[in-house]
Amino acid sequence: MRRTAKLRRQTDASMAHLLPLPGEPVQARPVTVIGMPLDLGADRRGVDMGPSAIRYAGLKHELERIGIEVEDLGNVNIPAPESHPPRNVRAKYAEEIVRGCRRLSRMVSQAIQRDRVAVVLGGDHSLAMGSIVGASRCHDKLGLIWFDAHADFNTPRTSPTGNVHGMPLAAIFQYGSPAMRALCKGSIVDAHRSALVGVRDTDEGERQLLKKAGIKVYTMEAIDRFGLQSVMRQAIDTATKGGAPFHVSFDVDVLDPGCAPGVGTPAIGGLTYRESLLAMEMLSETPGLTSVDMVEVNPILDHQNITAKIVVNLLATLLGRRVL
């Protein structure tokens, strides 16, 4: 027993100099919350209720509890798909999505210009076109870290479904429908300052376009081989190259559906809850966060709102919450 205790003390002492203490989070800035109840980009209904689910899970209370000033601007007005059928089955509701994203981009820009972090609650991932365009208007250069099980790099020509939530990242880099390219034409996100993390489900057409675009892609295989900390360090270095501020776009389906079941397009084999918290902790230590999307929460498919509660914890950690 004594030898075991002595060995444990020796092990703890030897490890102390090997384990770096976590860095301090960047000083918290006030936050502007914007709901984007958009589900026009997907076939499966329900993600339009994501903003309400995240608010109900206590987002404002949790951020205020850690000393962050929060304003909530409510929701961007989005038409319901029942109001009319899509005009183009290769890019369903693209025009309506673009109109909503233009409204969102103005709100995000105004929040950032007031030195606030814009927090966009989704809604399907096509909303990221609006938030990224809005953020890029406020900076000469902008980095991007995009968490997703899917590449979201399809175009109307390559998409097997015509669902626009599988196309926004391609549109940001000027691939896709004319309306989406026109929306994103003002975006100044550079492919060499962009990283895609957690991918494990891609289509052949988007794989080819991704290689052409030159974006850094860190698949789940890379995370398994090298560890999340190493992957995140590289992703952060890529996004903040040259001192660039950065936007985080987080599709909750990057998590394994075993811990986050309430998502529109689940894919097994994703990040664990603990890995996702580590990613947020590392990002919180990185100066320059301008804005963040949390998207694809579908409370219809959830269990006791657990996925929305996870989102609240991820956002609180990203914005500065610590255990000690």
# chains A, B, ... in the order shown; residues from 1 in each chain; ligands from 1
>>> residues_around(residues="A:Gln304", least_positions_apart="5", cutoff="12 Å", atoms="only C-alpha atoms", output="PyMOL selection string")
chain A and resi 53+56-57+260-262+298-299+309-310
>>> select_by_dssp(residues="stretch 205-303 of chain A", states="strand (DSSP E or B)", output="VMD selection string")
chain A and resid 216 to 219 246 to 251 255 263 271 289 to 295 297
>>> atom_distance(atom1="atom CA of A:Asp152", atom2="atom CA of A:Leu59")
26.9 Å
>>> atom_distance(atom1="atom CA of A:Asp48", atom2="atom CA of A:Ser177")
23.1 Å
>>> atom_distance(atom1="atom CA of A:Leu196", atom2="atom CA of A:Ala182")
22.9 Å
>>> closest_atom_pairs(of="stretch 163-250 of chain A", to="stretch 116-127 of chain A", cutoff="9 Å", atoms="only C-alpha atoms", output="Markdown table")
| residue | atom | partner | partner_atom | distance |
| --- | --- | --- | --- | --- |
| A:Val164 | CA | A:Ser126 | CA | 6.2 |
| A:His165 | CA | A:Ser126 | CA | 4.5 |
| A:Gly166 | CA | A:Ser126 | CA | 7.4 |
| A:Met167 | CA | A:Ser126 | CA | 7.1 |
| A:Pro168 | CA | A:Ser126 | CA | 5.1 |
| A:Leu169 | CA | A:Ser126 | CA | 8.4 |
| A:Ser249 | CA | A:His125 | CA | 8.5 |
| A:Phe250 | CA | A:His125 | CA | 8.7 |
>>> write_last_selection(atoms="C-alpha atoms", output="PDB file, in the first residue's frame")
ATOM      1  CA  VAL A 164     -28.776  24.107 -49.981  1.00  0.00           C
ATOM      2  CA  HIS A 165     -27.538  23.285 -46.468  1.00  0.00           C
ATOM      3  CA  GLY A 166     -25.014  21.036 -48.235  1.00  0.00           C
ATOM      4  CA  MET A 167     -23.708  23.961 -50.352  1.00  0.00           C
ATOM      5  CA  PRO A 168     -22.858  27.024 -48.200  1.00  0.00           C
ATOM      6  CA  LEU A 169     -19.112  26.509 -47.844  1.00  0.00           C
ATOM      7  CA  SER A 249     -19.205  27.888 -37.800  1.00  0.00           C
ATOM      8  CA  PHE A 250     -20.241  24.862 -35.745  1.00  0.00           C
TER       9      PHE A 250
END
>>> residues_around(residues="A:Asp72", least_positions_apart="2", cutoff="7 Å", atoms="only C-alpha atoms", output="list of chain:residue names")
A:Thr32, A:Val33, A:Ile34, A:Val70, A:Gly74
